[in-house]
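Listing of input_20.pdb; format and content: PDB, C-alpha atoms.
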```pdb
ATOM      1  CA  MET Q 328      20.251-123.084  20.471
ATOM      2  CA  ILE Q 329      16.818-123.400  18.870
ATOM      3  CA  ASN Q 330      16.300-126.034  16.194
ATOM      4  CA  THR Q 331      14.970-125.296  12.734
ATOM      5  CA  GLU Q 332      12.022-127.680  13.015
ATOM      6  CA  ARG Q 333      10.783-125.874  16.126
ATOM      7  CA  VAL Q 334      11.145-122.463  14.428
ATOM      8  CA  ILE Q 335       9.106-123.689  11.440
ATOM      9  CA  GLU Q 336       6.477-125.066  13.828
ATOM     10  CA  ILE Q 337       6.240-121.645  15.526
ATOM     11  CA  LEU Q 338       6.010-119.841  12.156
ATOM     12  CA  LYS Q 339       3.138-122.079  11.095
ATOM     13  CA  GLU Q 340       1.318-121.729  14.399
ATOM     14  CA  ALA Q 341       1.634-117.904  14.267
ATOM     15  CA  ASP Q 342       0.450-117.644  10.604
ATOM     16  CA  VAL Q 343       3.666-115.915   9.541
ATOM     17  CA  LEU Q 344       3.973-117.071   5.915
ATOM     18  CA  LEU Q 345       1.663-115.304   3.455
ATOM     19  CA  ASN Q 346       1.187-116.167  -0.228
ATOM     20  CA  GLY Q 347       0.182-113.683  -2.969
ATOM     21  CA  HIS Q 348       1.916-110.761  -4.753
ATOM     22  CA  PHE Q 349       3.980-108.596  -2.413
ATOM     23  CA  LEU Q 350       6.122-105.490  -2.586
ATOM     24  CA  LEU Q 351       9.036-106.078  -0.201
ATOM     25  CA  THR Q 352      10.768-103.303   1.733
ATOM     26  CA  SER Q 353      13.725-103.738  -0.642
ATOM     27  CA  GLY Q 354      11.454-102.677  -3.539
ATOM     28  CA  ARG Q 355      11.487-106.185  -5.006
ATOM     29  CA  HIS Q 356       8.352-108.302  -5.648
ATOM     30  CA  SER Q 357       7.687-111.796  -4.302
ATOM     31  CA  ASN Q 358       4.932-114.416  -4.195
ATOM     32  CA  GLN Q 359       5.628-115.000  -0.485
ATOM     33  CA  TYR Q 360       5.901-112.722   2.515
ATOM     34  CA  MET Q 361       7.090-113.556   6.010
ATOM     35  CA  GLN Q 362       5.037-111.373   8.360
ATOM     36  CA  CYS Q 363       7.282-111.886  11.391
ATOM     37  CA  ALA Q 364       5.316-109.352  13.398
ATOM     38  CA  GLN Q 365       2.802-112.173  13.803
ATOM     39  CA  ILE Q 366       5.303-114.059  15.992
ATOM     40  CA  LEU Q 367       5.766-111.001  18.189
ATOM     41  CA  GLN Q 368       2.097-111.190  19.266
ATOM     42  CA  TYR Q 369       3.060-114.252  21.275
ATOM     43  CA  PRO Q 370       5.512-113.436  24.076
ATOM     44  CA  GLU Q 371       6.170-117.135  24.673
ATOM     45  CA  PHE Q 372       7.266-117.658  21.032
ATOM     46  CA  THR Q 373       9.363-114.489  21.039
ATOM     47  CA  ALA Q 374      11.069-115.529  24.276
ATOM     48  CA  GLU Q 375      11.665-119.081  23.072
ATOM     49  CA  ILE Q 376      13.267-118.030  19.792
ATOM     50  CA  SER Q 377      15.231-115.201  21.428
ATOM     51  CA  LYS Q 378      16.581-117.524  24.101
ATOM     52  CA  GLY Q 379      17.926-119.827  21.403
ATOM     53  CA  LEU Q 380      19.479-116.928  19.500
ATOM     54  CA  ALA Q 381      20.931-115.380  22.680
ATOM     55  CA  GLU Q 382      22.778-118.647  23.336
ATOM     56  CA  GLU Q 383      24.691-117.992  20.103
ATOM     57  CA  PHE Q 384      26.015-114.692  21.541
ATOM     58  CA  LYS Q 385      26.425-115.487  25.247
ATOM     59  CA  ASN Q 386      30.252-115.550  25.029
ATOM     60  CA  ASP Q 387      30.604-112.403  22.899
ATOM     61  CA  LYS Q 388      30.637-109.900  25.807
ATOM     62  CA  ILE Q 389      27.663-107.928  24.458
ATOM     63  CA  ASP Q 390      27.126-104.554  26.191
ATOM     64  CA  MET Q 391      23.863-103.621  24.466
ATOM     65  CA  VAL Q 392      21.400-104.654  21.790
ATOM     66  CA  VAL Q 393      20.101-102.211  19.157
ATOM     67  CA  GLY Q 394      17.193-102.910  16.817
ATOM     68  CA  PRO Q 395      15.870-100.918  13.879
ATOM     69  CA  ALA Q 396      12.314 -99.611  14.290
ATOM     70  CA  MET Q 397       9.805-101.035  13.753
ATOM     71  CA  GLY Q 398      10.618-104.674  13.067
ATOM     72  CA  GLY Q 399      13.598-104.918  15.388
ATOM     73  CA  VAL Q 400      12.188-103.134  18.434
ATOM     74  CA  ILE Q 401      10.560-106.090  20.194
ATOM     75  CA  ILE Q 402      13.110-108.701  19.171
ATOM     76  CA  ALA Q 403      15.985-106.415  20.257
ATOM     77  CA  TYR Q 404      14.285-105.862  23.611
ATOM     78  CA  GLU Q 405      13.838-109.593  24.157
ATOM     79  CA  MET Q 406      17.421-110.367  23.062
ATOM     80  CA  ALA Q 407      18.690-107.738  25.529
ATOM     81  CA  ARG Q 408      16.521-109.253  28.266
ATOM     82  CA  GLN Q 409      17.861-112.732  27.539
ATOM     83  CA  LEU Q 410      21.461-111.447  27.575
ATOM     84  CA  GLY Q 411      20.930-109.209  30.625
ATOM     85  CA  VAL Q 412      22.104-106.037  28.840
ATOM     86  CA  LYS Q 413      20.806-102.603  27.840
ATOM     87  CA  ASN Q 414      18.474-102.182  24.841
ATOM     88  CA  LEU Q 415      18.050 -99.289  22.388
ATOM     89  CA  PHE Q 416      16.318 -98.845  19.067
ATOM     90  CA  ALA Q 417      17.180 -96.785  16.011
ATOM     91  CA  GLU Q 418      14.494 -95.115  13.943
ATOM     92  CA  ARG Q 419      14.137 -92.999  10.840
ATOM     93  CA  GLU Q 420      14.145 -89.247  11.047
ATOM     94  CA  TYR Q 421      13.851 -87.388   7.727
ATOM     95  CA  GLY Q 422      14.554 -90.673   5.947
ATOM     96  CA  GLU Q 423      17.805 -91.382   7.828
ATOM     97  CA  MET Q 424      18.321 -94.055  10.471
ATOM     98  CA  THR Q 425      19.332 -92.417  13.749
ATOM     99  CA  LEU Q 426      19.196 -92.696  17.522
ATOM    100  CA  ARG Q 427      16.597 -90.398  19.075
ATOM    101  CA  ARG Q 428      14.924 -90.057  22.470
ATOM    102  CA  GLY Q 429      18.251 -89.403  24.198
ATOM    103  CA  PHE Q 430      19.674 -92.826  23.287
ATOM    104  CA  LYS Q 431      23.477 -92.972  23.154
ATOM    105  CA  ILE Q 432      26.028 -95.663  22.499
ATOM    106  CA  PRO Q 433      29.176 -95.318  24.617
ATOM    107  CA  LYS Q 434      32.487 -95.394  22.767
ATOM    108  CA  GLY Q 435      33.817 -98.946  22.653
ATOM    109  CA  ALA Q 436      30.447-100.543  23.511
ATOM    110  CA  ARG Q 437      30.079-104.034  22.085
ATOM    111  CA  VAL Q 438      26.761-104.006  20.233
ATOM    112  CA  LEU Q 439      24.509-106.760  18.946
ATOM    113  CA  ILE Q 440      22.019-105.680  16.287
ATOM    114  CA  ALA Q 441      18.715-107.560  16.362
ATOM    115  CA  GLU Q 442      16.144-107.531  13.541
ATOM    116  CA  ASP Q 443      13.029-109.521  12.722
ATOM    117  CA  VAL Q 444      13.664-110.202   9.007
ATOM    118  CA  ILE Q 445      16.417-109.504   6.493
ATOM    119  CA  THR Q 446      16.152-109.735   2.711
ATOM    120  CA  THR Q 447      18.846-107.331   1.491
ATOM    121  CA  GLY Q 448      20.044-106.305   4.961
ATOM    122  CA  GLY Q 449      19.524-102.606   4.263
ATOM    123  CA  SER Q 450      18.089-101.636   7.663
ATOM    124  CA  VAL Q 451      20.746-103.603   9.531
ATOM    125  CA  LYS Q 452      23.519-101.910   7.522
ATOM    126  CA  GLU Q 453      22.029 -98.509   8.358
ATOM    127  CA  VAL Q 454      21.956 -99.362  12.069
ATOM    128  CA  MET Q 455      25.554-100.612  11.843
ATOM    129  CA  GLU Q 456      26.541 -97.190  10.488
ATOM    130  CA  VAL Q 457      24.733 -95.463  13.369
ATOM    131  CA  VAL Q 458      26.473 -97.679  15.952
ATOM    132  CA  GLU Q 459      29.897 -97.143  14.385
ATOM    133  CA  SER Q 460      29.350 -93.372  14.035
ATOM    134  CA  GLN Q 461      28.875 -93.224  17.829
ATOM    135  CA  GLY Q 462      32.045 -95.222  18.462
ATOM    136  CA  GLY Q 463      30.363 -98.561  19.163
ATOM    137  CA  GLU Q 464      31.606-101.881  17.827
ATOM    138  CA  VAL Q 465      29.116-104.170  16.071
ATOM    139  CA  VAL Q 466      30.008-107.684  17.236
ATOM    140  CA  GLY Q 467      27.033-109.510  15.783
ATOM    141  CA  VAL Q 468      23.684-109.502  14.028
ATOM    142  CA  SER Q 469      20.759-111.625  15.186
ATOM    143  CA  VAL Q 470      17.614-112.113  13.092
ATOM    144  CA  LEU Q 471      14.469-114.182  13.355
ATOM    145  CA  VAL Q 472      14.362-114.927   9.611
ATOM    146  CA  ASP Q 473      17.117-114.511   7.016
ATOM    147  CA  ARG Q 474      15.248-114.447   3.681
ATOM    148  CA  SER Q 475      18.520-114.095   1.737
ATOM    149  CA  ASN Q 476      19.319-117.782   2.314
ATOM    150  CA  GLY Q 477      22.563-116.804   4.030
ATOM    151  CA  THR Q 478      23.960-114.699   1.177
ATOM    152  CA  ILE Q 479      24.318-111.423   3.123
ATOM    153  CA  ASP Q 480      27.711-110.681   4.650
ATOM    154  CA  PHE Q 481      27.656-107.952   7.294
ATOM    155  CA  GLY Q 482      31.343-108.457   8.066
ATOM    156  CA  THR Q 483      30.447-109.740  11.530
ATOM    157  CA  LYS Q 484      28.852-112.780  13.146
ATOM    158  CA  LEU Q 485      25.308-113.404  11.844
ATOM    159  CA  ARG Q 486      22.848-115.836  13.398
ATOM    160  CA  ALA Q 487      19.279-116.452  12.260
ATOM    161  CA  ALA Q 488      16.592-118.597  13.844
ATOM    162  CA  LEU Q 489      15.626-119.582  10.292
ATOM    163  CA  THR Q 490      17.524-119.149   7.029
ATOM    164  CA  ILE Q 491      15.450-119.564   3.879
ATOM    165  CA  GLU Q 492      15.230-118.209   0.377
ATOM    166  CA  VAL Q 493      12.119-116.280  -0.530
ATOM    167  CA  ILE Q 494      12.309-115.769  -4.273
ATOM    168  CA  SER Q 495      12.019-112.124  -5.230
ATOM    169  CA  TYR Q 496      12.178-110.154  -8.469
ATOM    170  CA  GLU Q 497      12.981-106.662  -9.651
ATOM    171  CA  PRO Q 498       9.564-105.111 -10.472
ATOM    172  CA  GLU Q 499      10.310-104.985 -14.215
ATOM    173  CA  ASN Q 500      11.087-108.744 -14.213
ATOM    174  CA  CYS Q 501       8.252-109.902 -11.948
ATOM    175  CA  PRO Q 502       6.350-112.830 -13.496
ATOM    176  CA  ILE Q 503       3.360-112.153 -11.216
ATOM    177  CA  CYS Q 504       3.078-108.609 -12.621
ATOM    178  CA  LYS Q 505       3.328-110.013 -16.159
ATOM    179  CA  GLU Q 506       0.426-112.400 -15.461
ATOM    180  CA  GLY Q 507      -1.628-109.394 -14.334
ATOM    181  CA  LYS Q 508      -3.921-111.472 -12.095
ATOM    182  CA  LEU Q 509      -2.895-110.177  -8.651
ATOM    183  CA  ASP Q 510      -2.390-106.593  -7.527
ATOM    184  CA  VAL Q 511       0.829-105.988  -5.620
ATOM    185  CA  VAL Q 512       0.375-105.557  -1.846
ATOM    186  CA  LYS Q 513       2.805-103.835   0.553
ATOM    187  CA  PRO Q 514       2.273-105.714   3.849
ATOM    188  CA  GLY Q 515       5.276-104.359   5.792
ATOM    189  CA  SER Q 516       5.514-101.270   7.936
ATOM    190  CA  ARG Q 517       7.831 -99.104   5.834
ATOM    191  CA  LYS Q 518       6.497 -97.074   2.927
ATOM    192  CA  ILE Q 519       8.403 -97.215  -0.360
ATOM    193  CA  LYS Q 520       9.103 -93.885  -2.071
TER     194      LYS Q 520
END
```

Full structure transcribed into structure tokens:
Amino acid sequence: MINTERVIEILKEADVLLNGHFLLTSGRHSNQYMQCAQILQYPEFTAEISKGLAEEFKNDKIDMVVGPAMGGVIIAYEMARQLGVKNLFAEREYGEMTLRRGFKIPKGARVLIAEDVITTGGSVKEVMEVVESQGGEVVGVSVLVDRSNGTIDFGTKLRAALTIEVISYEPENCPICKEGKLDVVKPGSRKIK
């Protein structure tokens, strides 16, 4: 198991935490953004954090790990490597999360979902639906950073390398917008409609 102090040290060293005015994937605004992709530039950090997270699932008889594209692709791969199991990723096609590229989940497969960051858990919930629609069983969710401060309940085991609260606001209630000093920036990989 990885300790919180070490995770924070890695986040600082990889320049993960950004300050400003951000549009989150959820559509909410925040003065902070965790750019976890920065960690994934460093295979040694990714492996170290994944090894600690994999320890949390080593007795759960995981058959495969699935991550949502883009943020979950690398972390899912590394979690699968650490657990010695198969790895897949789900991606959007026509706005819907799906398995493509010939990926299939066997009926009854015990699946761990791995993601880089959760705020509302939307992408993870979509991947859970994909897994269940193919007859797989979601037995856990693993994330690098849980920005909900532990408030999300996926109905299954959830483990995060770091659990924090990044304050966010509905756009109409955003105090940063009301100040009018900083333009909102969308730093993530998914485009908001």

Inset, instruction - Pick out the residues sitting within 6 Å of segment 467-476 of chain Q, and hand them over as a list in words; count only C-alpha atoms, and ignore anything fewer than 4 positions along from it in its own chain. - result: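 What passes the distance filter is Leu439, Ile440, Ala441, Glu442, Asp443, Val444, Ile445, Thr446, Thr483, Lys484, Leu485, Arg486, Ala487, Ala488, Leu489, Thr490, Ile491, Glu492 and Val493 of chain Q.
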
Inset, instruction - Find, counting all atoms listed in the file, the residue in Q:Gly347, Q:Pro502, Q:Gly448, Q:Gly463 that gets nearest to Asp480 of chain Q. - result: Q:Gly448

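The coordinates place atom CA of Ser495 of chain Q at 26.4 Å from atom CA of Gln368 of chain Q.
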
Inset, instruction - For the file shown, report as a ChimeraX atom specification the outcome of the PyMOL selection byres ((chain Q and resi 353-363) around 10) at residue level. - result: /Q:338,341-352,364-368,398,443-450,471-472,474,493-504,509,511-515,517-520

Legend entry - Atomic separation - atom CA of Val438 of chain Q relative to atom CA of Glu464 of chain Q, Å: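 Atom CA of Glu464 of chain Q sits 5.8 Å away from atom CA of Val438 of chain Q.
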
Inset, instruction - Measure the distance from atom CA of Gly482 of chain Q to atom CA of Phe416 of chain Q in Å and round it to one decimal. - result: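 Between atom CA of Gly482 of chain Q and atom CA of Phe416 of chain Q the gap is 21.0 Å.
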
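Running the PyMOL selection byres ((chain Q and resi 453) around 12) on this file leaves Val393, Gly394, Pro395, Ala396, Ala417, Glu418, Arg419, Gly422, Glu423, Met424, Thr425, Leu426, Ile440, Glu442, Thr447, Gly448, Gly449, Ser450, Val451, Lys452, Val454, Met455, Glu456, Val457, Val458, Glu459, Ser460, Val465 and Phe481 of chain Q selected.
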
Legend entry - Selection dump of the PyMOL selection byres ((chain Q and resi 383-390) around 9), as number ranges by chain: Q: 328, 379-382, 391-392, 410-413, 436-439, 466-467, 469, 486

Counting all atoms listed in the file, give me one row per residue of segment 382-471 of chain Q with an atom at most 10 Å from an atom of segment 372-375 of chain Q, showing the shortest contact pair and its distance in Å to one decimal, sorted by chain then residue number, as a Markdown table.
```
| residue | atom | partner | partner_atom | distance |
| --- | --- | --- | --- | --- |
| Q:Ile401 | CA | Q:Thr373 | CA | 8.5 |
| Q:Ile402 | CA | Q:Thr373 | CA | 7.1 |
| Q:Glu405 | CA | Q:Ala374 | CA | 6.6 |
| Q:Met406 | CA | Q:Ala374 | CA | 8.3 |
| Q:Arg408 | CA | Q:Ala374 | CA | 9.2 |
| Q:Gln409 | CA | Q:Ala374 | CA | 8.0 |
| Q:Leu471 | CA | Q:Thr373 | CA | 9.2 |
```

Pull N, CA and C atoms for segment 404-443 of chain Q from the block and write them as a PDB file, in the first residue's frame.
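As written to disk, decode-v2.pdb reads:
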```
ATOM      1  N   TYR Q 404      -3.527  -0.028 -17.804  1.00  0.00           N
ATOM      2  CA  TYR Q 404      -2.481  -0.919 -18.304  1.00  0.00           C
ATOM      3  C   TYR Q 404      -1.506  -1.285 -17.172  1.00  0.00           C
ATOM      4  N   GLU Q 405      -1.071  -0.274 -16.442  1.00  0.00           N
ATOM      5  CA  GLU Q 405      -0.094  -0.536 -15.375  1.00  0.00           C
ATOM      6  C   GLU Q 405      -0.713  -1.346 -14.237  1.00  0.00           C
ATOM      7  N   MET Q 406      -1.984  -1.090 -13.914  1.00  0.00           N
ATOM      8  CA  MET Q 406      -2.654  -1.892 -12.877  1.00  0.00           C
ATOM      9  C   MET Q 406      -2.740  -3.352 -13.337  1.00  0.00           C
ATOM     10  N   ALA Q 407      -3.096  -3.568 -14.605  1.00  0.00           N
ATOM     11  CA  ALA Q 407      -3.177  -4.930 -15.137  1.00  0.00           C
ATOM     12  C   ALA Q 407      -1.807  -5.606 -15.089  1.00  0.00           C
ATOM     13  N   ARG Q 408      -0.768  -4.854 -15.422  1.00  0.00           N
ATOM     14  CA  ARG Q 408       0.592  -5.407 -15.374  1.00  0.00           C
ATOM     15  C   ARG Q 408       0.961  -5.816 -13.952  1.00  0.00           C
ATOM     16  N   GLN Q 409       0.645  -4.951 -13.003  1.00  0.00           N
ATOM     17  CA  GLN Q 409       0.951  -5.238 -11.597  1.00  0.00           C
ATOM     18  C   GLN Q 409       0.184  -6.460 -11.087  1.00  0.00           C
ATOM     19  N   LEU Q 410      -1.057  -6.624 -11.572  1.00  0.00           N
ATOM     20  CA  LEU Q 410      -1.898  -7.741 -11.126  1.00  0.00           C
ATOM     21  C   LEU Q 410      -1.708  -8.998 -11.977  1.00  0.00           C
ATOM     22  N   GLY Q 411      -0.988  -8.868 -13.097  1.00  0.00           N
ATOM     23  CA  GLY Q 411      -0.745 -10.016 -13.971  1.00  0.00           C
ATOM     24  C   GLY Q 411      -1.989 -10.483 -14.716  1.00  0.00           C
ATOM     25  N   VAL Q 412      -2.838  -9.518 -15.130  1.00  0.00           N
ATOM     26  CA  VAL Q 412      -4.087  -9.850 -15.822  1.00  0.00           C
ATOM     27  C   VAL Q 412      -4.201  -9.074 -17.132  1.00  0.00           C
ATOM     28  N   LYS Q 413      -5.243  -9.379 -17.887  1.00  0.00           N
ATOM     29  CA  LYS Q 413      -5.516  -8.734 -19.166  1.00  0.00           C
ATOM     30  C   LYS Q 413      -5.973  -7.291 -18.956  1.00  0.00           C
ATOM     31  N   ASN Q 414      -5.720  -6.446 -19.967  1.00  0.00           N
ATOM     32  CA  ASN Q 414      -6.100  -5.031 -19.915  1.00  0.00           C
ATOM     33  C   ASN Q 414      -6.856  -4.639 -21.173  1.00  0.00           C
ATOM     34  N   LEU Q 415      -7.944  -3.881 -20.982  1.00  0.00           N
ATOM     35  CA  LEU Q 415      -8.717  -3.299 -22.087  1.00  0.00           C
ATOM     36  C   LEU Q 415      -8.957  -1.830 -21.783  1.00  0.00           C
ATOM     37  N   PHE Q 416      -9.412  -1.093 -22.800  1.00  0.00           N
ATOM     38  CA  PHE Q 416      -9.887   0.260 -22.519  1.00  0.00           C
ATOM     39  C   PHE Q 416     -11.181   0.503 -23.265  1.00  0.00           C
ATOM     40  N   ALA Q 417     -12.029   1.316 -22.655  1.00  0.00           N
ATOM     41  CA  ALA Q 417     -13.290   1.740 -23.265  1.00  0.00           C
ATOM     42  C   ALA Q 417     -13.072   3.145 -23.811  1.00  0.00           C
ATOM     43  N   GLU Q 418     -13.802   3.466 -24.873  1.00  0.00           N
ATOM     44  CA  GLU Q 418     -13.668   4.793 -25.460  1.00  0.00           C
ATOM     45  C   GLU Q 418     -15.018   5.248 -25.992  1.00  0.00           C
ATOM     46  N   ARG Q 419     -15.102   6.529 -26.282  1.00  0.00           N
ATOM     47  CA  ARG Q 419     -16.360   7.080 -26.785  1.00  0.00           C
ATOM     48  C   ARG Q 419     -16.483   6.875 -28.291  1.00  0.00           C
ATOM     49  N   GLU Q 420     -17.672   6.480 -28.683  1.00  0.00           N
ATOM     50  CA  GLU Q 420     -18.017   6.405 -30.089  1.00  0.00           C
ATOM     51  C   GLU Q 420     -19.404   7.020 -30.206  1.00  0.00           C
ATOM     52  N   TYR Q 421     -19.507   8.098 -30.985  1.00  0.00           N
ATOM     53  CA  TYR Q 421     -20.761   8.852 -31.116  1.00  0.00           C
ATOM     54  C   TYR Q 421     -21.290   9.293 -29.746  1.00  0.00           C
ATOM     55  N   GLY Q 422     -20.376   9.678 -28.871  1.00  0.00           N
ATOM     56  CA  GLY Q 422     -20.743  10.199 -27.561  1.00  0.00           C
ATOM     57  C   GLY Q 422     -21.037   9.155 -26.504  1.00  0.00           C
ATOM     58  N   GLU Q 423     -20.992   7.879 -26.859  1.00  0.00           N
ATOM     59  CA  GLU Q 423     -21.290   6.794 -25.911  1.00  0.00           C
ATOM     60  C   GLU Q 423     -20.025   6.003 -25.598  1.00  0.00           C
ATOM     61  N   MET Q 424     -19.845   5.661 -24.327  1.00  0.00           N
ATOM     62  CA  MET Q 424     -18.717   4.830 -23.932  1.00  0.00           C
ATOM     63  C   MET Q 424     -18.968   3.410 -24.425  1.00  0.00           C
ATOM     64  N   THR Q 425     -17.957   2.813 -25.053  1.00  0.00           N
ATOM     65  CA  THR Q 425     -18.108   1.479 -25.620  1.00  0.00           C
ATOM     66  C   THR Q 425     -16.755   0.779 -25.693  1.00  0.00           C
ATOM     67  N   LEU Q 426     -16.784  -0.510 -25.944  1.00  0.00           N
ATOM     68  CA  LEU Q 426     -15.565  -1.252 -26.256  1.00  0.00           C
ATOM     69  C   LEU Q 426     -15.468  -1.322 -27.772  1.00  0.00           C
ATOM     70  N   ARG Q 427     -14.313  -1.015 -28.303  1.00  0.00           N
ATOM     71  CA  ARG Q 427     -14.063  -1.079 -29.744  1.00  0.00           C
ATOM     72  C   ARG Q 427     -12.840  -1.967 -29.965  1.00  0.00           C
ATOM     73  N   ARG Q 428     -12.339  -1.956 -31.161  1.00  0.00           N
ATOM     74  CA  ARG Q 428     -11.080  -2.626 -31.519  1.00  0.00           C
ATOM     75  C   ARG Q 428     -11.094  -4.138 -31.249  1.00  0.00           C
ATOM     76  N   GLY Q 429     -12.300  -4.712 -31.229  1.00  0.00           N
ATOM     77  CA  GLY Q 429     -12.416  -6.150 -30.988  1.00  0.00           C
ATOM     78  C   GLY Q 429     -12.345  -6.551 -29.526  1.00  0.00           C
ATOM     79  N   PHE Q 430     -12.288  -5.575 -28.613  1.00  0.00           N
ATOM     80  CA  PHE Q 430     -12.248  -5.902 -27.183  1.00  0.00           C
ATOM     81  C   PHE Q 430     -13.567  -6.535 -26.742  1.00  0.00           C
ATOM     82  N   LYS Q 431     -13.477  -7.550 -25.895  1.00  0.00           N
ATOM     83  CA  LYS Q 431     -14.652  -8.212 -25.342  1.00  0.00           C
ATOM     84  C   LYS Q 431     -14.391  -8.574 -23.889  1.00  0.00           C
ATOM     85  N   ILE Q 432     -15.454  -8.567 -23.128  1.00  0.00           N
ATOM     86  CA  ILE Q 432     -15.382  -8.979 -21.728  1.00  0.00           C
ATOM     87  C   ILE Q 432     -16.163 -10.284 -21.599  1.00  0.00           C
ATOM     88  N   PRO Q 433     -15.505 -11.376 -21.234  1.00  0.00           N
ATOM     89  CA  PRO Q 433     -16.219 -12.642 -21.093  1.00  0.00           C
ATOM     90  C   PRO Q 433     -17.271 -12.578 -19.983  1.00  0.00           C
ATOM     91  N   LYS Q 434     -18.358 -13.287 -20.188  1.00  0.00           N
ATOM     92  CA  LYS Q 434     -19.404 -13.347 -19.158  1.00  0.00           C
ATOM     93  C   LYS Q 434     -18.798 -13.876 -17.867  1.00  0.00           C
ATOM     94  N   GLY Q 435     -19.117 -13.215 -16.767  1.00  0.00           N
ATOM     95  CA  GLY Q 435     -18.627 -13.625 -15.454  1.00  0.00           C
ATOM     96  C   GLY Q 435     -17.238 -13.115 -15.110  1.00  0.00           C
ATOM     97  N   ALA Q 436     -16.566 -12.422 -16.030  1.00  0.00           N
ATOM     98  CA  ALA Q 436     -15.222 -11.902 -15.745  1.00  0.00           C
ATOM     99  C   ALA Q 436     -15.282 -10.911 -14.597  1.00  0.00           C
ATOM    100  N   ARG Q 437     -14.321 -11.016 -13.702  1.00  0.00           N
ATOM    101  CA  ARG Q 437     -14.214 -10.109 -12.563  1.00  0.00           C
ATOM    102  C   ARG Q 437     -13.321  -8.942 -12.986  1.00  0.00           C
ATOM    103  N   VAL Q 438     -13.929  -7.749 -13.036  1.00  0.00           N
ATOM    104  CA  VAL Q 438     -13.284  -6.592 -13.655  1.00  0.00           C
ATOM    105  C   VAL Q 438     -12.983  -5.501 -12.636  1.00  0.00           C
ATOM    106  N   LEU Q 439     -11.763  -4.987 -12.718  1.00  0.00           N
ATOM    107  CA  LEU Q 439     -11.357  -3.801 -11.979  1.00  0.00           C
ATOM    108  C   LEU Q 439     -11.346  -2.645 -12.964  1.00  0.00           C
ATOM    109  N   ILE Q 440     -11.989  -1.544 -12.610  1.00  0.00           N
ATOM    110  CA  ILE Q 440     -11.943  -0.345 -13.444  1.00  0.00           C
ATOM    111  C   ILE Q 440     -10.883   0.578 -12.867  1.00  0.00           C
ATOM    112  N   ALA Q 441     -10.003   1.080 -13.733  1.00  0.00           N
ATOM    113  CA  ALA Q 441      -8.929   1.967 -13.290  1.00  0.00           C
ATOM    114  C   ALA Q 441      -9.041   3.296 -14.038  1.00  0.00           C
ATOM    115  N   GLU Q 442      -8.927   4.391 -13.285  1.00  0.00           N
ATOM    116  CA  GLU Q 442      -9.066   5.742 -13.842  1.00  0.00           C
ATOM    117  C   GLU Q 442      -8.004   6.629 -13.212  1.00  0.00           C
ATOM    118  N   ASP Q 443      -7.654   7.722 -13.897  1.00  0.00           N
ATOM    119  CA  ASP Q 443      -6.670   8.625 -13.314  1.00  0.00           C
ATOM    120  C   ASP Q 443      -7.297   9.510 -12.238  1.00  0.00           C
TER     121      ASP Q 443
END
```
